[in-house]
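File shown: target.cif (mmCIF, C-alpha atoms and all ligand atoms).
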```cif
data_start
#
loop_
_atom_site.label_atom_id
_atom_site.label_comp_id
_atom_site.auth_asym_id
_atom_site.auth_seq_id
_atom_site.Cartn_x
_atom_site.Cartn_y
_atom_site.Cartn_z
CA MET A 15 106.86 91.54 77.77
CA LYS A 16 108.56 89.73 80.69
CA TYR A 17 105.67 90.15 83.15
CA ASN A 18 101.90 90.35 83.19
CA ALA A 19 101.62 92.36 86.41
CA VAL A 20 103.68 94.73 88.56
CA ILE A 21 103.07 94.80 92.32
CA PHE A 22 104.20 97.97 94.05
CA ASP A 23 105.02 98.50 97.66
CA LEU A 24 103.43 101.82 98.66
CA ASP A 25 105.41 103.59 101.40
CA GLY A 26 108.84 104.50 100.00
CA VAL A 27 108.00 103.43 96.43
CA ILE A 28 104.87 105.25 95.25
CA CYS A 29 105.08 107.94 97.94
CA HIS A 30 107.13 109.00 100.94
CA THR A 31 105.44 108.65 104.30
CA ASP A 32 108.66 108.08 106.32
CA LYS A 33 108.59 111.55 107.85
CA TYR A 34 105.01 111.08 109.06
CA HIS A 35 105.75 107.64 110.52
CA TYR A 36 108.79 109.16 112.21
CA GLU A 37 106.91 112.11 113.68
CA ALA A 38 104.12 109.89 115.02
CA TRP A 39 106.45 107.25 116.51
CA LYS A 40 108.68 109.98 117.95
CA LYS A 41 105.73 111.37 119.86
CA ILE A 42 105.02 107.97 121.41
CA ALA A 43 108.70 107.27 122.12
CA ASP A 44 109.13 110.67 123.82
CA GLU A 45 106.07 110.02 125.95
CA LEU A 46 107.61 106.73 127.09
CA GLY A 47 111.12 108.21 127.47
CA ILE A 48 112.54 105.90 124.81
CA TYR A 49 115.41 107.01 122.58
CA PHE A 50 114.29 107.07 118.94
CA ASP A 51 116.00 108.49 115.86
CA GLU A 52 115.78 108.33 112.06
CA THR A 53 118.18 105.38 111.88
CA ILE A 54 115.84 103.33 114.07
CA ASN A 55 112.93 104.63 111.98
CA ASN A 56 114.60 103.16 108.86
CA ARG A 57 114.38 99.71 110.45
CA LEU A 58 110.59 100.04 110.51
CA ARG A 59 110.28 100.03 106.71
CA GLY A 60 108.00 97.30 105.44
CA VAL A 61 107.38 96.05 108.98
CA SER A 62 103.86 95.95 110.47
CA ARG A 63 102.69 98.52 113.03
CA MET A 64 102.99 96.20 116.04
CA GLU A 65 106.36 94.81 114.90
CA SER A 66 107.55 98.40 114.46
CA PHE A 67 106.58 99.14 118.06
CA GLU A 68 108.42 96.02 119.25
CA ILE A 69 111.59 97.37 117.55
CA ILE A 70 111.11 100.72 119.34
CA LEU A 71 110.58 98.87 122.64
CA GLU A 72 114.03 97.24 122.33
CA ARG A 73 115.21 100.40 124.12
CA TYR A 74 112.49 100.36 126.78
CA ASP A 75 113.50 99.29 130.27
CA GLY A 76 110.03 98.57 131.63
CA VAL A 77 107.59 95.79 130.97
CA MET A 78 104.55 96.47 128.83
CA SER A 79 101.36 94.46 128.64
CA GLN A 80 99.68 93.55 125.36
CA GLU A 81 96.84 95.94 126.21
CA GLU A 82 99.27 98.83 126.66
CA LYS A 83 101.00 97.95 123.39
CA THR A 84 97.65 98.06 121.61
CA GLU A 85 96.87 101.39 123.29
CA TYR A 86 100.17 102.96 122.16
CA THR A 87 100.02 101.62 118.60
CA THR A 88 96.43 102.86 118.29
CA LYS A 89 97.54 106.27 119.52
CA LYS A 90 100.46 106.29 117.07
CA ASN A 91 98.05 105.54 114.24
CA GLU A 92 95.74 108.38 115.25
CA VAL A 93 98.65 110.84 115.15
CA TYR A 94 99.88 109.32 111.86
CA LYS A 95 96.44 109.56 110.22
CA GLU A 96 96.16 113.23 111.19
CA LEU A 97 99.55 113.84 109.52
CA LEU A 98 98.49 111.92 106.40
CA LYS A 99 95.75 114.53 105.90
CA ASN A 100 98.59 116.82 104.76
CA MET A 101 99.16 114.61 101.72
CA SER A 102 97.66 115.58 98.39
CA PRO A 103 98.03 114.75 94.68
CA ALA A 104 101.01 117.15 94.74
CA ASP A 105 102.87 114.42 96.70
CA LEU A 106 102.64 112.07 93.73
CA SER A 107 105.66 112.78 91.54
CA PRO A 108 105.05 113.22 87.81
CA GLU A 109 107.78 110.62 87.21
CA VAL A 110 105.88 108.00 89.23
CA LYS A 111 102.52 108.83 87.62
CA ASN A 112 103.92 108.90 84.06
CA THR A 113 105.75 105.60 84.59
CA LEU A 114 102.62 103.94 86.00
CA ASP A 115 100.58 105.21 83.04
CA GLY A 116 103.26 103.93 80.64
CA LEU A 117 103.27 100.45 82.21
CA ARG A 118 99.49 100.29 82.05
CA GLY A 119 99.65 101.44 78.43
CA GLN A 120 101.86 98.44 77.72
CA GLY A 121 99.11 96.12 78.99
CA LEU A 122 100.51 95.37 82.45
CA LYS A 123 98.20 94.93 85.41
CA LEU A 124 99.17 97.17 88.33
CA ALA A 125 98.68 96.23 91.99
CA ILE A 126 99.66 97.43 95.45
CA GLY A 127 101.32 95.09 97.98
CA SER A 128 101.72 97.04 101.21
CA SER A 129 101.96 96.13 104.92
CA SER A 130 100.03 99.28 105.77
CA LYS A 131 96.45 99.31 106.97
CA ASN A 132 96.29 102.92 105.76
CA ALA A 133 97.08 102.08 102.12
CA GLY A 134 93.57 102.91 100.85
CA PHE A 135 93.54 106.27 102.64
CA ILE A 136 97.02 107.20 101.35
CA LEU A 137 96.07 106.32 97.77
CA GLU A 138 92.96 108.50 98.08
CA GLN A 139 95.06 111.38 99.38
CA LEU A 140 97.42 111.01 96.39
CA GLY A 141 94.52 111.03 93.94
CA LEU A 142 95.09 107.34 93.13
CA GLY A 143 91.89 105.98 94.66
CA GLY A 144 90.58 103.40 92.17
CA TYR A 145 93.71 103.61 90.00
CA PHE A 146 95.21 100.18 90.76
CA ASP A 147 93.75 96.90 89.53
CA ALA A 148 94.07 95.44 93.03
CA ILE A 149 95.15 96.42 96.52
CA SER A 150 96.64 93.88 98.88
CA ASP A 151 97.51 95.53 102.19
CA GLY A 152 97.75 95.16 105.95
CA ASN A 153 94.00 94.59 106.14
CA ASN A 154 94.02 91.30 104.20
CA ILE A 155 97.08 89.52 105.63
CA SER A 156 98.00 87.59 108.77
CA ASN A 157 101.78 87.69 108.25
CA SER A 158 103.69 90.75 107.18
CA LYS A 159 106.86 91.01 105.08
CA PRO A 160 109.28 89.15 104.85
CA ASP A 161 106.43 86.63 104.64
CA PRO A 162 105.26 86.56 100.98
CA GLU A 163 101.53 86.61 101.87
CA VAL A 164 100.84 90.23 100.87
CA PHE A 165 102.36 89.72 97.40
CA LEU A 166 100.82 86.28 96.84
CA LYS A 167 97.41 87.79 97.63
CA ALA A 168 98.08 90.66 95.20
CA ALA A 169 98.94 88.11 92.48
CA GLN A 170 95.73 86.22 93.24
CA PHE A 171 93.69 89.44 93.14
CA VAL A 172 94.94 90.19 89.61
CA LYS A 173 94.66 86.50 88.65
CA GLU A 174 98.34 86.01 87.77
CA GLU A 175 100.91 83.39 88.74
CA PRO A 176 103.75 84.65 90.98
CA GLY A 177 106.25 83.97 88.18
CA SER A 178 104.43 86.47 85.95
CA CYS A 179 104.66 89.27 88.54
CA LEU A 180 107.37 91.79 89.26
CA VAL A 181 107.54 93.35 92.76
CA VAL A 182 108.93 96.86 93.34
CA GLU A 183 110.29 97.47 96.85
CA ASP A 184 112.32 99.92 98.96
CA ALA A 185 112.74 97.58 101.95
CA LYS A 186 114.94 94.51 102.40
CA ALA A 187 112.05 92.70 104.13
CA GLY A 188 109.95 93.37 101.03
CA LEU A 189 112.56 91.93 98.65
CA GLU A 190 112.79 88.85 100.87
CA ALA A 191 109.00 88.53 100.70
CA ALA A 192 108.99 88.73 96.91
CA ILE A 193 111.76 86.13 96.61
CA ALA A 194 110.00 83.81 99.08
CA GLY A 195 106.87 84.16 96.91
CA GLY A 196 108.73 83.16 93.75
CA MET A 197 108.61 86.63 92.22
CA ASP A 198 111.26 88.74 90.54
CA CYS A 199 111.85 92.04 92.31
CA ALA A 200 113.18 95.51 91.58
CA ALA A 201 114.84 97.45 94.39
CA ILE A 202 114.70 101.21 94.77
CA GLY A 203 116.34 103.43 97.41
CA ASP A 204 117.78 101.75 100.50
CA ALA A 205 116.84 98.24 99.36
CA VAL A 206 119.42 98.41 96.55
CA ALA A 207 122.25 97.97 99.07
CA SER A 208 120.94 94.54 100.10
CA GLY A 209 122.01 93.11 96.74
CA LEU A 210 118.97 90.80 96.81
CA ALA A 211 116.97 92.21 93.93
CA THR A 212 116.66 90.94 90.37
CA TYR A 213 117.04 94.57 89.22
CA ASN A 214 118.30 97.71 90.91
CA LEU A 215 116.58 100.95 89.96
CA ASN A 216 118.35 104.30 90.04
CA THR A 217 115.05 105.99 89.59
CA PHE A 218 111.39 104.90 89.36
CA GLY A 219 111.33 105.63 85.62
CA ASP A 220 113.88 102.82 85.03
CA LEU A 221 110.96 100.38 85.39
CA ALA A 222 109.93 101.10 81.82
CA ASP A 223 113.11 99.34 80.60
CA VAL A 224 113.06 96.59 83.21
CA VAL A 225 109.70 95.16 82.09
CA LYS A 226 110.53 95.10 78.37
C1 LIG B 301 104.67 99.86 105.75
C2 LIG B 301 105.68 100.84 106.28
O1 LIG B 301 104.31 100.18 104.45
O2 LIG B 301 103.49 99.86 106.58
C3 LIG B 301 105.99 100.53 107.74
O3 LIG B 301 106.87 100.73 105.51
C4 LIG B 301 104.70 100.53 108.55
O4 LIG B 301 106.89 101.48 108.24
C5 LIG B 301 103.71 99.54 107.94
O5 LIG B 301 104.96 100.18 109.90
C6 LIG B 301 102.38 99.50 108.67
O6 LIG B 301 101.71 100.71 108.44
P1 LIG B 301 100.36 101.17 109.11
O7 LIG B 301 99.93 102.33 108.26
O8 LIG B 301 99.40 100.02 109.04
O9 LIG B 301 100.66 101.54 110.53
MG MG B 302 108.27 100.45 101.66
#
```
Now that the file is in, can you turn its structure into structure tokens?
Amino acid sequence: MKYNAVIFDLDGVICHTDKYHYEAWKKIADELGIYFDETINNRLRGVSRMESFEIILERYDGVMSQEEKTEYTTKKNEVYKELLKNMSPADLSPEVKNTLDGLRGQGLKLAIGSSSKNAGFILEQLGLGGYFDAISDGNNISNSKPDPEVFLKAAQFVKEEPGSCLVVEDAKAGLEAAIAGGMDCAAIGDAVASGLATYNLNTFGDLADVVK
């Protein structure tokens, strides 16, 4: 086996929360009269909540204080959390669940490395509460991707060296974080186009071959 542990990004890898992030940010952007579309939303992948808002504010003409920024990001999160209540185990694809079970069956440790502060809640909604060996998320880091902190913490949590871990990511910032942390990485979805990954996955199930 090439690795001892696999660290998964959550949003865009294990599940798809893009539409909920979009809907919640759109509400805030509309309130502020800022143009926002799905292409801009794609730039928010892997980026922390406040950094996401800063990207949205690139199109804002006014000046906003730190207090106001906190107010709007808090509001966005309230809307987002309400939308997340729509998620259920039906949102976990059988392909993802079967692949995870297969990797675990091969003796690999499985961890989450996500910028989100809602990772625990999302995993509960998907029926994966308690499934992973460790969760490193937005609540235990000071620097978000492309900084490697979230993945290095995940490796520490499962007591493995970075070189023994494989990261799975759908965002360029996440691949950069893995590389900066000295980890191999597998890209899925949009991240494939960056050409940065050690492996490119057509589908989540390809991981079974990648780790062999
Ligand atoms: C990442 C998402 O997983 O989490 C980003 O890809 C998001 O789009 C970030 O901004 C932070 O999420 P949250 O749930 O803490 O607002
Ligand atoms: Mg992602």
message = Using all atoms listed in the file for the distances, tell me which of A:Ala211, A:Arg63, A:Val206, A:Gly141 is nearest to A:Ala38.
response =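 When distances to A:Ala38 are compared using all atoms listed in the file, the smallest one comes from A:Arg63.
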request  = Enumerate residues in contact with ligand LIG 301 (chain B): an atom-to-atom distance of at most 9 Å, counting only C-alpha atoms and all ligand atoms. Format the result as an MDAnalysis selection string.
outcome  = chainID A and resid 23:26 31:32 35:36 55:67 87:88 90:91 94:95 127:133 136 151:153 158 184:185
request  = To one decimal in Å, tell me the separation between atom CA of A:Ser208 and atom CA of A:Gly134.
outcome  =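 Taking atom CA of A:Ser208 as the start and atom CA of A:Gly134 as the end point, the length is 28.6 Å.
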key: stretch 162-164 of chain A surroundings by all atoms listed in the file, 9 Å radius, close-in-sequence under 3 positions cut, as a list in words   =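 Near stretch 162-164 of chain A, the qualifying residues are Gly127, Ser128, Ser129, Ser150, Asp151, Gly152, Asn154, Ile155, Ser156, Asn157, Ser158, Lys159, Lys167, Ala168, Ala169, Gly188, Glu190, Ala191, Ala192, Ile193, Ala194, Gly195 and Gly196 of chain A.
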Keeping only C-alpha atoms, take the residues you just selected and write them out as a PDB file, keeping the file's coordinate frame.
```pdb
ATOM      1  CA  GLY A 127     101.320  95.090  97.980  1.00  0.00           C
ATOM      2  CA  SER A 128     101.720  97.040 101.210  1.00  0.00           C
ATOM      3  CA  SER A 129     101.960  96.130 104.920  1.00  0.00           C
ATOM      4  CA  SER A 150      96.640  93.880  98.880  1.00  0.00           C
ATOM      5  CA  ASP A 151      97.510  95.530 102.190  1.00  0.00           C
ATOM      6  CA  GLY A 152      97.750  95.160 105.950  1.00  0.00           C
ATOM      7  CA  ASN A 154      94.020  91.300 104.200  1.00  0.00           C
ATOM      8  CA  ILE A 155      97.080  89.520 105.630  1.00  0.00           C
ATOM      9  CA  SER A 156      98.000  87.590 108.770  1.00  0.00           C
ATOM     10  CA  ASN A 157     101.780  87.690 108.250  1.00  0.00           C
ATOM     11  CA  SER A 158     103.690  90.750 107.180  1.00  0.00           C
ATOM     12  CA  LYS A 159     106.860  91.010 105.080  1.00  0.00           C
ATOM     13  CA  LYS A 167      97.410  87.790  97.630  1.00  0.00           C
ATOM     14  CA  ALA A 168      98.080  90.660  95.200  1.00  0.00           C
ATOM     15  CA  ALA A 169      98.940  88.110  92.480  1.00  0.00           C
ATOM     16  CA  GLY A 188     109.950  93.370 101.030  1.00  0.00           C
ATOM     17  CA  GLU A 190     112.790  88.850 100.870  1.00  0.00           C
ATOM     18  CA  ALA A 191     109.000  88.530 100.700  1.00  0.00           C
ATOM     19  CA  ALA A 192     108.990  88.730  96.910  1.00  0.00           C
ATOM     20  CA  ILE A 193     111.760  86.130  96.610  1.00  0.00           C
ATOM     21  CA  ALA A 194     110.000  83.810  99.080  1.00  0.00           C
ATOM     22  CA  GLY A 195     106.870  84.160  96.910  1.00  0.00           C
ATOM     23  CA  GLY A 196     108.730  83.160  93.750  1.00  0.00           C
TER      24      GLY A 196
END
```
ask   = At what distance in Å, to one decimal, does atom CA of A:Gln170 lie from atom CA of A:Leu140?
value =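 Going from atom CA of A:Leu140 over to atom CA of A:Gln170, I get 25.0 Å.
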message = Show me the residues around (120.9, 102.2, 98.3) - criterion: an atom at most 12 Å away, all atoms listed in the file counted - as a PyMOL selection string.
response = chain A and resi 183-186+201-211+214-217
Just C-alpha atoms for this one: save the residues we selected as a PDB file, in the coordinates of the input.
```pdb
ATOM      1  CA  GLU A 183     110.290  97.470  96.850  1.00  0.00           C
ATOM      2  CA  ASP A 184     112.320  99.920  98.960  1.00  0.00           C
ATOM      3  CA  ALA A 185     112.740  97.580 101.950  1.00  0.00           C
ATOM      4  CA  LYS A 186     114.940  94.510 102.400  1.00  0.00           C
ATOM      5  CA  ALA A 201     114.840  97.450  94.390  1.00  0.00           C
ATOM      6  CA  ILE A 202     114.700 101.210  94.770  1.00  0.00           C
ATOM      7  CA  GLY A 203     116.340 103.430  97.410  1.00  0.00           C
ATOM      8  CA  ASP A 204     117.780 101.750 100.500  1.00  0.00           C
ATOM      9  CA  ALA A 205     116.840  98.240  99.360  1.00  0.00           C
ATOM     10  CA  VAL A 206     119.420  98.410  96.550  1.00  0.00           C
ATOM     11  CA  ALA A 207     122.250  97.970  99.070  1.00  0.00           C
ATOM     12  CA  SER A 208     120.940  94.540 100.100  1.00  0.00           C
ATOM     13  CA  GLY A 209     122.010  93.110  96.740  1.00  0.00           C
ATOM     14  CA  LEU A 210     118.970  90.800  96.810  1.00  0.00           C
ATOM     15  CA  ALA A 211     116.970  92.210  93.930  1.00  0.00           C
ATOM     16  CA  ASN A 214     118.300  97.710  90.910  1.00  0.00           C
ATOM     17  CA  LEU A 215     116.580 100.950  89.960  1.00  0.00           C
ATOM     18  CA  ASN A 216     118.350 104.300  90.040  1.00  0.00           C
ATOM     19  CA  THR A 217     115.050 105.990  89.590  1.00  0.00           C
TER      20      THR A 217
END
```
query = Looking at A:Gly219, A:Pro176, A:Gly116, A:Pro160, which one is nearest to ligand MG 302 (chain B), with distances taken over only C-alpha atoms and all ligand atoms?
reply = A:Pro160
Straight-line distance linking atom CA of A:Ala222 with atom CA of A:Leu117, stated in Å to one decimal = 6.7 Å
ask   = Between A:Asp220, A:Met197, A:Ala187, A:Phe165, which one has atoms that come closest to ligand MG 302 (chain B), using all atoms listed in the file?
value =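 Of the candidates, the smallest distance to ligand MG 302 (chain B) is held by A:Ala187.
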ask   = Which neighbours of A:Gln139 fall inside 7 Å, counting all atoms listed in the file, when residues of the same chain fewer than 2 positions from it are skipped, and could you give them as a list in words?
value =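 Surrounding residues, per the criterion: Met101, Ser102, Pro103, Phe135, Ile136, Leu137 and Gly141 of chain A.
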request  = Have a look at A:Arg73, A:Lys226, A:Lys40, A:Lys173 and name the one nearest to A:Lys123; count all atoms listed in the file.
outcome  =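 Of A:Arg73, A:Lys226, A:Lys40, A:Lys173, the one nearest A:Lys123 is A:Lys173, counting all atoms listed in the file.
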Selection: 8 Å around A:Leu106, only C-alpha atoms, excl. self and same-chain fewer than 5 positions, as a CSV table (one decimal) with C-alpha atoms, in the coordinates of the input:
```
chain,number,residue,atom,x,y,z
A,28,ILE,CA,104.9,105.2,95.2
A,29,CYS,CA,105.1,107.9,97.9
A,111,LYS,CA,102.5,108.8,87.6
A,140,LEU,CA,97.4,111.0,96.4
```
query = Of the candidates A:Leu142, A:Leu97, A:Met78, A:Ala148, which shows the shortest atom-to-atom distance to A:Val110, using only C-alpha atoms?
reply =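 Nearest candidate to A:Val110 out of A:Leu142, A:Leu97, A:Met78, A:Ala148: A:Leu142.
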key: Nearest to A:Ala125, chosen from A:Ile70, A:Leu221, A:Val172, A:Ile54, with all atoms listed in the file counted in the distances   = A:Val172
request  = For A:Glu72, list every protein, DNA or RNA residue within 10 Å, evaluated using all atoms listed in the file, and leave out those in the same chain fewer than 4 positions away; present the list as an MDAnalysis selection string.
outcome  = chainID A and resid 48:49 67:68
Filled-in all heavy atoms of stretch 109-120 of chain A, supplied as a CSV table (one decimal), in the coordinates of the input:
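This went into selection.csv:
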```
chain,number,residue,atom,x,y,z
A,109,GLU,N,107.0,111.8,87.7
A,109,GLU,CA,107.8,110.6,87.2
A,109,GLU,C,107.1,109.3,87.6
A,109,GLU,O,106.9,108.4,86.7
A,109,GLU,CB,109.2,110.6,87.8
A,109,GLU,CG,110.0,109.4,87.3
A,109,GLU,CD,111.3,109.2,88.0
A,109,GLU,OE1,111.6,110.0,88.9
A,109,GLU,OE2,112.1,108.3,87.6
A,110,VAL,N,106.6,109.2,88.8
A,110,VAL,CA,105.9,108.0,89.2
A,110,VAL,C,104.6,107.8,88.4
A,110,VAL,O,104.3,106.8,87.9
A,110,VAL,CB,105.6,108.0,90.8
A,110,VAL,CG1,104.6,106.9,91.2
A,110,VAL,CG2,106.9,107.9,91.5
A,111,LYS,N,103.8,108.9,88.3
A,111,LYS,CA,102.5,108.8,87.6
A,111,LYS,C,102.7,108.5,86.1
A,111,LYS,O,102.0,107.6,85.6
A,111,LYS,CB,101.8,110.2,87.8
A,111,LYS,CG,100.4,110.1,87.2
A,111,LYS,CD,99.5,109.1,87.8
A,111,LYS,CE,98.0,109.2,87.4
A,111,LYS,NZ,97.6,109.1,86.1
A,112,ASN,N,103.7,109.2,85.5
A,112,ASN,CA,103.9,108.9,84.1
A,112,ASN,C,104.4,107.5,83.8
A,112,ASN,O,104.0,106.8,82.9
A,112,ASN,CB,105.0,109.9,83.5
A,112,ASN,CG,104.4,111.3,83.4
A,112,ASN,OD1,103.2,111.5,83.4
A,112,ASN,ND2,105.3,112.3,83.5
A,113,THR,N,105.2,107.0,84.7
A,113,THR,CA,105.8,105.6,84.6
A,113,THR,C,104.6,104.6,84.8
A,113,THR,O,104.5,103.7,84.0
A,113,THR,CB,106.9,105.3,85.6
A,113,THR,OG1,107.9,106.3,85.5
A,113,THR,CG2,107.5,104.0,85.4
A,114,LEU,N,103.8,104.8,85.8
A,114,LEU,CA,102.6,103.9,86.0
A,114,LEU,C,101.7,103.9,84.8
A,114,LEU,O,101.3,102.9,84.3
A,114,LEU,CB,101.8,104.4,87.2
A,114,LEU,CG,102.4,104.2,88.6
A,114,LEU,CD1,101.6,104.9,89.7
A,114,LEU,CD2,102.7,102.7,88.9
A,115,ASP,N,101.4,105.1,84.2
A,115,ASP,CA,100.6,105.2,83.0
A,115,ASP,C,101.2,104.5,81.9
A,115,ASP,O,100.5,103.8,81.1
A,115,ASP,CB,100.3,106.7,82.6
A,115,ASP,CG,99.4,107.4,83.6
A,115,ASP,OD1,98.7,106.7,84.4
A,115,ASP,OD2,99.4,108.6,83.6
A,116,GLY,N,102.5,104.6,81.7
A,116,GLY,CA,103.3,103.9,80.6
A,116,GLY,C,103.2,102.4,80.8
A,116,GLY,O,102.9,101.7,79.8
A,117,LEU,N,103.3,101.9,82.0
A,117,LEU,CA,103.3,100.4,82.2
A,117,LEU,C,101.9,99.9,81.9
A,117,LEU,O,101.7,98.9,81.2
A,117,LEU,CB,103.6,100.1,83.7
A,117,LEU,CG,105.1,100.4,84.1
A,117,LEU,CD1,105.2,100.2,85.6
A,117,LEU,CD2,106.1,99.6,83.3
A,118,ARG,N,100.9,100.7,82.3
A,118,ARG,CA,99.5,100.3,82.0
A,118,ARG,C,99.2,100.3,80.5
A,118,ARG,O,98.6,99.4,80.0
A,118,ARG,CB,98.5,101.2,82.8
A,118,ARG,CG,97.1,101.0,82.3
A,118,ARG,CD,96.1,101.5,83.3
A,118,ARG,NE,96.1,100.6,84.5
A,118,ARG,CZ,95.6,101.0,85.7
A,118,ARG,NH1,95.3,102.2,85.9
A,118,ARG,NH2,95.6,100.2,86.7
A,119,GLY,N,99.8,101.3,79.9
A,119,GLY,CA,99.6,101.4,78.4
A,119,GLY,C,100.3,100.3,77.7
A,119,GLY,O,99.9,99.9,76.6
A,120,GLN,N,101.2,99.6,78.3
A,120,GLN,CA,101.9,98.4,77.7
A,120,GLN,C,101.1,97.2,78.0
A,120,GLN,O,101.5,96.1,77.7
A,120,GLN,CB,103.3,98.3,78.2
A,120,GLN,CG,104.2,99.4,77.7
A,120,GLN,CD,105.6,99.3,78.2
A,120,GLN,OE1,106.3,98.3,77.8
A,120,GLN,NE2,106.1,100.1,79.1
```
